[in-house]
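Below is structure.txt, which holds compact mmCIF, C-alpha atoms and all ligand atoms.
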```txt
# COMPACT_ATOMS: atom_id res chain seq x y z
CA MET V 1 -9.96 3.78 21.58
CA THR V 2 -7.83 6.82 22.32
CA ALA V 3 -4.19 6.16 23.23
CA LEU V 4 -3.45 9.73 24.17
CA ASP V 5 -5.70 12.72 24.76
CA ALA V 6 -4.00 15.95 25.77
CA THR V 7 -5.91 19.20 26.14
CA GLY V 8 -4.88 22.74 26.92
CA LEU V 9 -1.22 21.97 27.60
CA ARG V 10 0.81 24.92 28.77
CA TYR V 11 4.36 24.90 30.05
CA SER V 12 6.97 27.50 30.99
CA TYR V 13 10.55 26.72 31.95
CA PRO V 14 11.90 28.12 35.24
CA ASP V 15 13.68 30.93 33.34
CA GLY V 16 10.27 32.15 32.14
CA THR V 17 10.38 30.78 28.57
CA LEU V 18 6.83 29.94 27.53
CA ALA V 19 7.55 26.78 25.49
CA VAL V 20 4.04 25.36 25.09
CA ASP V 21 1.08 27.68 24.90
CA GLY V 22 -2.27 25.86 24.79
CA VAL V 23 -1.68 22.67 22.83
CA ASP V 24 -4.22 19.87 22.21
CA VAL V 25 -3.08 16.51 20.87
CA THR V 26 -5.33 13.48 20.45
CA VAL V 27 -3.95 10.19 19.14
CA GLU V 28 -6.12 7.14 18.49
CA THR V 29 -4.83 3.67 19.24
CA GLY V 30 -2.65 2.35 16.42
CA GLU V 31 -2.23 5.76 14.78
CA ARG V 32 1.11 7.14 13.60
CA VAL V 33 1.31 10.87 14.27
CA ALA V 34 4.15 13.33 13.67
CA LEU V 35 4.77 16.45 15.72
CA LEU V 36 6.41 18.57 13.02
CA GLY V 37 7.90 22.01 13.52
CA PRO V 38 11.06 24.10 13.38
CA ASN V 39 13.70 24.14 16.13
CA GLY V 40 12.39 25.76 19.27
CA ALA V 41 8.72 25.21 18.38
CA GLY V 42 8.13 23.30 21.61
CA LYS V 43 7.97 19.75 20.20
CA SER V 44 10.36 18.22 22.73
CA THR V 45 8.58 19.95 25.58
CA VAL V 46 5.22 18.68 24.31
CA LEU V 47 6.64 15.16 24.00
CA GLN V 48 7.91 15.27 27.58
CA LEU V 49 4.49 16.51 28.74
CA LEU V 50 2.79 13.73 26.77
CA GLY V 51 5.12 11.19 28.34
CA GLY V 52 4.55 12.48 31.85
CA LEU V 53 8.23 13.33 32.27
CA ILE V 54 7.32 16.91 33.21
CA ASP V 55 4.05 18.26 34.57
CA PRO V 56 2.11 20.94 32.67
CA ASP V 57 1.34 24.32 34.23
CA ALA V 58 -2.15 23.84 32.78
CA GLY V 59 -3.96 21.12 30.88
CA THR V 60 -4.21 17.36 31.20
CA VAL V 61 -2.97 14.24 29.45
CA ARG V 62 -5.22 11.18 29.47
CA TYR V 63 -3.90 7.71 28.60
CA PHE V 64 -5.89 4.86 27.03
CA ASP V 65 -9.22 6.44 28.09
CA GLU V 66 -8.21 5.33 31.56
CA THR V 67 -6.05 7.61 33.62
CA THR V 68 -4.21 10.93 33.74
CA ASP V 69 -1.42 9.35 35.77
CA ALA V 70 1.52 8.46 33.51
CA ASP V 71 3.05 6.32 36.25
CA ALA V 72 -0.04 4.09 36.18
CA VAL V 73 0.70 3.22 32.53
CA ARG V 74 4.51 3.01 32.68
CA ASP V 75 4.35 -0.61 31.45
CA ARG V 76 2.51 0.44 28.31
CA LEU V 77 4.25 3.72 27.52
CA SER V 78 7.81 4.37 26.36
CA VAL V 79 9.35 7.77 25.77
CA LEU V 80 12.55 8.37 23.83
CA THR V 81 13.71 11.89 24.64
CA GLN V 82 16.08 13.89 22.49
CA ASN V 83 19.05 12.99 24.67
CA PRO V 84 20.18 9.32 24.40
CA ALA V 85 22.22 9.73 27.60
CA ASP V 86 18.91 9.76 29.52
CA TYR V 87 18.70 6.01 28.82
CA LEU V 88 22.34 4.98 28.88
CA PHE V 89 23.69 5.03 32.42
CA ASN V 90 24.78 1.44 33.07
CA PRO V 91 28.31 0.01 32.63
CA THR V 92 27.28 -1.72 29.38
CA VAL V 93 24.68 -1.28 26.66
CA ARG V 94 23.31 -4.75 27.49
CA GLU V 95 22.53 -3.65 31.05
CA ASP V 96 20.83 -0.50 29.73
CA LEU V 97 18.61 -2.65 27.52
CA ARG V 98 17.81 -4.96 30.46
CA TYR V 99 16.88 -2.08 32.73
CA GLY V 100 13.29 -1.38 31.56
CA PRO V 101 11.93 -4.95 31.51
CA ALA V 102 13.80 -5.75 34.75
CA GLN V 103 11.97 -2.79 36.37
CA GLN V 104 8.73 -4.42 35.21
CA ASP V 105 9.64 -7.53 37.23
CA ARG V 106 9.94 -9.71 34.12
CA SER V 107 11.72 -13.03 34.59
CA GLU V 108 15.45 -13.21 33.78
CA SER V 109 14.80 -15.36 30.74
CA GLU V 110 12.07 -13.01 29.48
CA VAL V 111 14.40 -10.02 29.93
CA ASP V 112 17.14 -11.86 28.01
CA ARG V 113 14.73 -12.81 25.25
CA ARG V 114 13.61 -9.20 24.79
CA VAL V 115 17.15 -7.81 24.80
CA GLU V 116 18.32 -10.38 22.23
CA ARG V 117 15.34 -9.74 20.00
CA VAL V 118 15.62 -5.96 19.97
CA ALA V 119 19.44 -5.99 19.73
CA ASP V 120 19.23 -8.37 16.81
CA ARG V 121 16.59 -6.25 15.07
CA LEU V 122 18.61 -3.04 15.49
CA ASP V 123 21.93 -4.70 14.73
CA LEU V 124 23.42 -3.83 18.12
CA GLY V 125 25.24 -7.18 18.49
CA GLU V 126 28.85 -6.08 19.01
CA LEU V 127 27.77 -2.97 20.88
CA LEU V 128 26.03 -4.83 23.72
CA SER V 129 29.18 -5.39 25.76
CA LYS V 130 30.48 -1.83 25.32
CA PRO V 131 30.18 1.06 27.76
CA PRO V 132 27.50 3.31 26.21
CA PHE V 133 29.67 6.44 26.39
CA ARG V 134 32.08 4.80 23.92
CA LEU V 135 29.38 4.66 21.24
CA SER V 136 29.05 7.21 18.44
CA GLY V 137 26.08 9.60 18.48
CA GLY V 138 24.04 7.52 16.02
CA GLN V 139 24.87 4.29 17.86
CA GLN V 140 23.80 5.87 21.15
CA ARG V 141 20.49 6.87 19.64
CA ARG V 142 19.86 3.32 18.41
CA ALA V 143 20.84 1.91 21.81
CA ALA V 144 18.50 4.36 23.55
CA LEU V 145 15.72 3.40 21.15
CA ALA V 146 16.41 -0.27 21.86
CA SER V 147 16.08 0.37 25.59
CA ALA V 148 12.71 2.05 24.97
CA LEU V 149 11.57 -0.99 22.96
CA THR V 150 12.52 -3.75 25.39
CA VAL V 151 9.56 -2.74 27.57
CA GLU V 152 7.33 -3.60 24.57
CA PRO V 153 5.12 -0.51 24.87
CA ASP V 154 1.65 0.03 23.39
CA LEU V 155 2.41 3.72 22.99
CA LEU V 156 5.79 4.98 21.86
CA LEU V 157 6.76 8.67 21.99
CA LEU V 158 9.89 9.38 19.94
CA ASP V 159 11.88 12.61 19.84
CA GLU V 160 13.92 12.84 16.63
CA PRO V 161 14.54 9.07 16.68
CA VAL V 162 16.84 8.91 13.63
CA SER V 163 18.85 12.11 13.88
CA ASN V 164 22.56 11.25 13.52
CA VAL V 165 21.68 7.72 12.39
CA ASP V 166 23.34 6.67 9.13
CA ALA V 167 21.31 5.72 6.04
CA ALA V 168 21.47 1.93 6.42
CA ASN V 169 20.56 1.93 10.10
CA ARG V 170 17.94 4.59 9.51
CA ALA V 171 16.22 2.32 6.98
CA GLU V 172 16.30 -0.51 9.55
CA VAL V 173 14.82 1.70 12.26
CA LEU V 174 12.06 2.94 9.94
CA ALA V 175 11.26 -0.63 8.88
CA LEU V 176 11.01 -1.56 12.55
CA PHE V 177 8.60 1.34 13.18
CA SER V 178 6.41 0.05 10.33
CA GLU V 179 6.37 -3.42 11.90
CA LEU V 180 5.47 -1.98 15.29
CA ALA V 181 2.64 0.04 13.72
CA ALA V 182 1.42 -3.09 11.91
CA ASP V 183 1.36 -4.80 15.32
CA GLY V 184 -0.92 -2.02 16.59
CA VAL V 185 1.65 0.05 18.50
CA THR V 186 0.76 3.75 18.59
CA LEU V 187 3.65 5.96 17.41
CA VAL V 188 4.14 9.67 18.03
CA THR V 189 7.29 11.08 16.44
CA SER V 190 8.67 14.57 16.91
CA THR V 191 10.84 15.92 14.11
CA PRO V 192 11.88 19.13 12.33
CA ASP V 193 12.56 17.04 9.19
CA THR V 194 9.83 17.18 6.55
CA GLU V 195 11.66 14.42 4.61
CA LEU V 196 11.09 11.98 7.49
CA VAL V 197 7.39 12.62 8.08
CA ALA V 198 5.90 10.45 5.30
CA HIS V 199 7.93 7.50 6.63
CA VAL V 200 6.68 7.72 10.21
CA ALA V 201 3.21 9.29 10.18
CA ASP V 202 -0.24 9.23 8.63
CA ARG V 203 -1.25 12.40 10.41
CA VAL V 204 0.63 15.57 11.33
CA VAL V 205 0.35 18.13 14.08
CA LEU V 206 2.25 21.13 12.76
CA PHE V 207 3.83 23.58 15.21
CA ASP V 208 4.94 27.11 14.43
CA GLU V 209 7.76 28.90 16.19
CA THR V 210 5.69 30.05 19.14
CA GLY V 211 4.70 26.89 21.01
CA THR V 212 1.27 26.62 19.44
CA VAL V 213 -0.29 24.34 16.83
CA ALA V 214 -0.38 25.99 13.40
CA ALA V 215 -2.31 23.25 11.59
CA ARG V 216 -3.30 19.59 11.67
CA GLY V 217 -4.13 17.21 8.89
CA SER V 218 -3.21 14.10 7.02
CA THR V 219 0.44 13.73 6.13
CA ARG V 220 -0.51 14.40 2.49
CA GLU V 221 -2.45 17.56 3.31
CA ILE V 222 0.35 19.04 5.39
CA LEU V 223 3.36 18.00 3.29
CA THR V 224 1.85 19.26 0.03
CA ASP V 225 0.91 22.66 1.49
CA THR V 226 4.18 24.35 0.58
CA GLU V 227 2.99 27.80 1.65
CA LEU V 228 1.94 26.58 5.09
CA LEU V 229 5.26 24.77 5.63
CA THR V 230 7.24 27.80 4.52
CA ASP V 231 5.21 30.00 6.88
CA CYS V 232 6.29 27.63 9.67
CA ASP V 233 9.96 28.01 8.70
CA LEU V 234 10.06 24.51 7.19
CA ARG V 235 11.08 23.40 3.71
CA PRO V 236 8.67 21.09 1.87
CA PRO V 237 10.16 17.66 1.03
CA GLN V 238 12.34 17.66 -2.10
CA VAL V 239 9.98 15.43 -4.11
CA VAL V 240 7.07 17.71 -3.23
CA ARG V 241 8.99 20.73 -4.51
CA LEU V 242 9.93 18.79 -7.64
CA PHE V 243 6.37 17.70 -8.48
CA ASP V 244 4.56 20.79 -7.10
CA GLY V 245 2.08 22.05 -9.69
CA ARG V 246 2.56 18.93 -11.84
CA GLY V 247 -0.51 16.93 -10.84
CA ASP V 248 -0.51 14.19 -8.25
CA ILE V 249 2.30 14.99 -5.82
CA PRO V 250 4.31 12.06 -4.40
CA LEU V 251 5.56 12.28 -0.80
CA THR V 252 8.56 9.97 -1.03
CA VAL V 253 11.21 9.10 -3.61
CA ALA V 254 9.74 5.58 -3.90
CA GLU V 255 6.32 7.07 -4.73
CA ALA V 256 7.89 9.48 -7.22
CA ARG V 257 9.65 6.62 -9.02
CA ARG V 258 6.37 4.73 -9.34
CA ARG V 259 4.72 7.87 -10.78
CA LEU V 260 7.50 8.30 -13.33
CA ASP V 261 7.46 4.63 -14.33
CA GLU V 262 3.70 4.85 -14.95
CA ARG V 263 4.15 7.68 -17.44
N1 LIG N 301 15.47 23.70 30.05
C1 LIG N 301 15.06 24.78 29.40
N2 LIG N 301 15.11 26.00 29.99
C2 LIG N 301 14.67 27.11 29.35
N3 LIG N 301 14.17 27.11 28.11
C3 LIG N 301 14.12 25.94 27.47
C4 LIG N 301 14.55 24.71 28.07
N4 LIG N 301 14.37 23.71 27.18
C5 LIG N 301 13.84 24.27 26.09
N5 LIG N 301 13.68 25.61 26.25
C6 LIG N 301 13.08 26.56 25.30
O1 LIG N 301 11.73 26.20 25.08
C7 LIG N 301 11.36 26.38 23.71
C8 LIG N 301 10.88 25.06 23.14
O2 LIG N 301 11.96 24.14 23.13
P1 LIG N 301 11.82 22.65 22.63
O3 LIG N 301 10.60 22.05 23.25
O4 LIG N 301 13.11 21.98 22.89
O5 LIG N 301 11.55 22.86 21.06
P2 LIG N 301 11.80 21.86 19.83
O6 LIG N 301 11.90 20.47 20.37
O7 LIG N 301 10.59 22.07 18.96
O8 LIG N 301 13.03 22.31 19.14
C9 LIG N 301 12.59 26.95 23.03
O9 LIG N 301 12.47 28.33 22.99
C10 LIG N 301 13.73 26.52 23.93
O10 LIG N 301 14.81 27.41 23.83
MG MG N 302 13.36 19.09 20.12
```
In structure tokens, what does this structure look like?
Ligand SMILES: Nc1ncnc2c1ncn2[C@@H]1O[C@H](COP(=O)(O)OP(=O)(O)O)[C@@H](O)[C@H]1O
Ligand SMILES: [Mg+2]
Amino acid sequence: MTALDATGLRYSYPDGTLAVDGVDVTVETGERVALLGPNGAGKSTVLQLLGGLIDPDAGTVRYFDETTDADAVRDRLSVLTQNPADYLFNPTVREDLRYGPAQQDRSESEVDRRVERVADRLDLGELLSKPPFRLSGGQQRRAALASALTVEPDLLLLDEPVSNVDAANRAEVLALFSELAADGVTLVTSTPDTELVAHVADRVVLFDETGTVAARGSTREILTDTELLTDCDLRPPQVVRLFDGRGDIPLTVAEARRRLDER
């Protein structure tokens, strides 16, 4: 089944900037896909179009082979935009986390259960009673992510979900994404960070600087094509640069260590 099928997306901002110029994105259920590209490539705009937060000037987005109306699938779809403040507008973080499932008319106890579970998983314990604007940038991003997760979506669209998040919390968030994927949740992650891609995606849609798709392929195909990445103003991951031209190229440090140990 297809979770997301977008064709011919085009979008210009009111000031005339053509941000997305004929983009197709298809994501099968349970897939992990990265939207990779340099700053200004149009990734965030595409993600907002995919999430139904803005309407395209041309093109359509179809959800779960069912509908082109994002509002009809709000229960199954969560979008984390680039700006955590979009999700943090209540007096406390706890109320922000309660907001989504409460909108879905879940029972009080079910809402509480979800908030506790996600807060526990993302180590938000002491932050729950705080006003969100008191949180640091990385904490706000984790809180915003938590609020996107309490609706327990089938399809999760994430814009730079770990930028500003410290190493320990980042590892926790990435582990959580792996668990969600193992549970069958479809994950689409936008990032300019080639180092992140192998941790969040099996397939990549690569954008160039002009709001169009430059290439698509498996994470391995894209990350090991150093010329293609450089042409798109991106730097190949460090381990790829290290092992480039030396046989089987690892995509992560963990993979590289295994390779070295085998020698
Ligand atoms: N609200 C806006 N008004 C005008 N131009 C915008 C707006 N938001 C983004 N843009 C422009 O649209 C293009 C794509 O931006 P964006 O989708 O944010 O790219 P990315 O997420 O890949 O960095 C950029 O040229 C950016 O400057
Ligand atoms: Mg962006």
Let me have the centre and edge lengths in Å, one decimal, of the box along x, y and z around every listed atom of ligand LIG 301 (chain N) with 4 Å of margin on each side, as AutoDock Vina command-line options.
```
--center_x 13.0 --center_y 24.4 --center_z 24.5 --size_x 12.9 --size_y 15.9 --size_z 19.1
```
How many Å separate CA of Val27 (chain V) from CA of Thr191 (chain V)?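 The value is 16.6 Å.
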Counting only C-alpha atoms and all ligand atoms, which protein, DNA or RNA residues come within 12 Å of ligand MG 302 (chain N), given as a PDB file with C-alpha atoms, in the coordinates of the input?
```pdb
ATOM      1  CA  ALA V  19       7.550  26.780  25.490  1.00  0.00           C
ATOM      2  CA  LEU V  35       4.770  16.450  15.720  1.00  0.00           C
ATOM      3  CA  LEU V  36       6.410  18.570  13.020  1.00  0.00           C
ATOM      4  CA  GLY V  37       7.900  22.010  13.520  1.00  0.00           C
ATOM      5  CA  PRO V  38      11.060  24.100  13.380  1.00  0.00           C
ATOM      6  CA  ASN V  39      13.700  24.140  16.130  1.00  0.00           C
ATOM      7  CA  GLY V  40      12.390  25.760  19.270  1.00  0.00           C
ATOM      8  CA  ALA V  41       8.720  25.210  18.380  1.00  0.00           C
ATOM      9  CA  GLY V  42       8.130  23.300  21.610  1.00  0.00           C
ATOM     10  CA  LYS V  43       7.970  19.750  20.200  1.00  0.00           C
ATOM     11  CA  SER V  44      10.360  18.220  22.730  1.00  0.00           C
ATOM     12  CA  THR V  45       8.580  19.950  25.580  1.00  0.00           C
ATOM     13  CA  VAL V  46       5.220  18.680  24.310  1.00  0.00           C
ATOM     14  CA  LEU V  47       6.640  15.160  24.000  1.00  0.00           C
ATOM     15  CA  GLN V  48       7.910  15.270  27.580  1.00  0.00           C
ATOM     16  CA  LEU V  80      12.550   8.370  23.830  1.00  0.00           C
ATOM     17  CA  THR V  81      13.710  11.890  24.640  1.00  0.00           C
ATOM     18  CA  GLN V  82      16.080  13.890  22.490  1.00  0.00           C
ATOM     19  CA  ASN V  83      19.050  12.990  24.670  1.00  0.00           C
ATOM     20  CA  LEU V 158       9.890   9.380  19.940  1.00  0.00           C
ATOM     21  CA  ASP V 159      11.880  12.610  19.840  1.00  0.00           C
ATOM     22  CA  GLU V 160      13.920  12.840  16.630  1.00  0.00           C
ATOM     23  CA  PRO V 161      14.540   9.070  16.680  1.00  0.00           C
ATOM     24  CA  SER V 163      18.850  12.110  13.880  1.00  0.00           C
ATOM     25  CA  THR V 189       7.290  11.080  16.440  1.00  0.00           C
ATOM     26  CA  SER V 190       8.670  14.570  16.910  1.00  0.00           C
ATOM     27  CA  THR V 191      10.840  15.920  14.110  1.00  0.00           C
ATOM     28  CA  PRO V 192      11.880  19.130  12.330  1.00  0.00           C
ATOM     29  CA  ASP V 193      12.560  17.040   9.190  1.00  0.00           C
ATOM     30  CA  PHE V 207       3.830  23.580  15.210  1.00  0.00           C
ATOM     31  CA  GLU V 209       7.760  28.900  16.190  1.00  0.00           C
ATOM     32  CA  GLY V 211       4.700  26.890  21.010  1.00  0.00           C
TER      33      GLY V 211
END
```
Extract, using only C-alpha atoms, all DNA, RNA and protein residues at most 12 Å from Leu124 (chain V), discarding same-chain residues fewer than 6 positions from it, and format them as a PyMOL selection string. chain V and resi 93-94+97+115-118+130+132+135+138-147+169+172-173
Prev. selection, C-alpha atoms, output as a JSON list (two decimals), keeping the file's coordinate frame:
```
[["chain", "number", "residue", "atom", "x", "y", "z"],
["V", 93, "VAL", "CA", 24.68, -1.28, 26.66],
["V", 94, "ARG", "CA", 23.31, -4.75, 27.49],
["V", 97, "LEU", "CA", 18.61, -2.65, 27.52],
["V", 115, "VAL", "CA", 17.15, -7.81, 24.80],
["V", 116, "GLU", "CA", 18.32, -10.38, 22.23],
["V", 117, "ARG", "CA", 15.34, -9.74, 20.00],
["V", 118, "VAL", "CA", 15.62, -5.96, 19.97],
["V", 130, "LYS", "CA", 30.48, -1.83, 25.32],
["V", 132, "PRO", "CA", 27.50, 3.31, 26.21],
["V", 135, "LEU", "CA", 29.38, 4.66, 21.24],
["V", 138, "GLY", "CA", 24.04, 7.52, 16.02],
["V", 139, "GLN", "CA", 24.87, 4.29, 17.86],
["V", 140, "GLN", "CA", 23.80, 5.87, 21.15],
["V", 141, "ARG", "CA", 20.49, 6.87, 19.64],
["V", 142, "ARG", "CA", 19.86, 3.32, 18.41],
["V", 143, "ALA", "CA", 20.84, 1.91, 21.81],
["V", 144, "ALA", "CA", 18.50, 4.36, 23.55],
["V", 145, "LEU", "CA", 15.72, 3.40, 21.15],
["V", 146, "ALA", "CA", 16.41, -0.27, 21.86],
["V", 147, "SER", "CA", 16.08, 0.37, 25.59],
["V", 169, "ASN", "CA", 20.56, 1.93, 10.10],
["V", 172, "GLU", "CA", 16.30, -0.51, 9.55],
["V", 173, "VAL", "CA", 14.82, 1.70, 12.26]]
```
Nearest to ligand LIG 301 (chain N) by atom-to-atom distance, counting all atoms listed in the file, from V:Ala182, V:Leu206, V:Leu122, V:Leu251: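 Among the listed residues, the smallest separation from ligand LIG 301 (chain N) belongs to V:Leu206.
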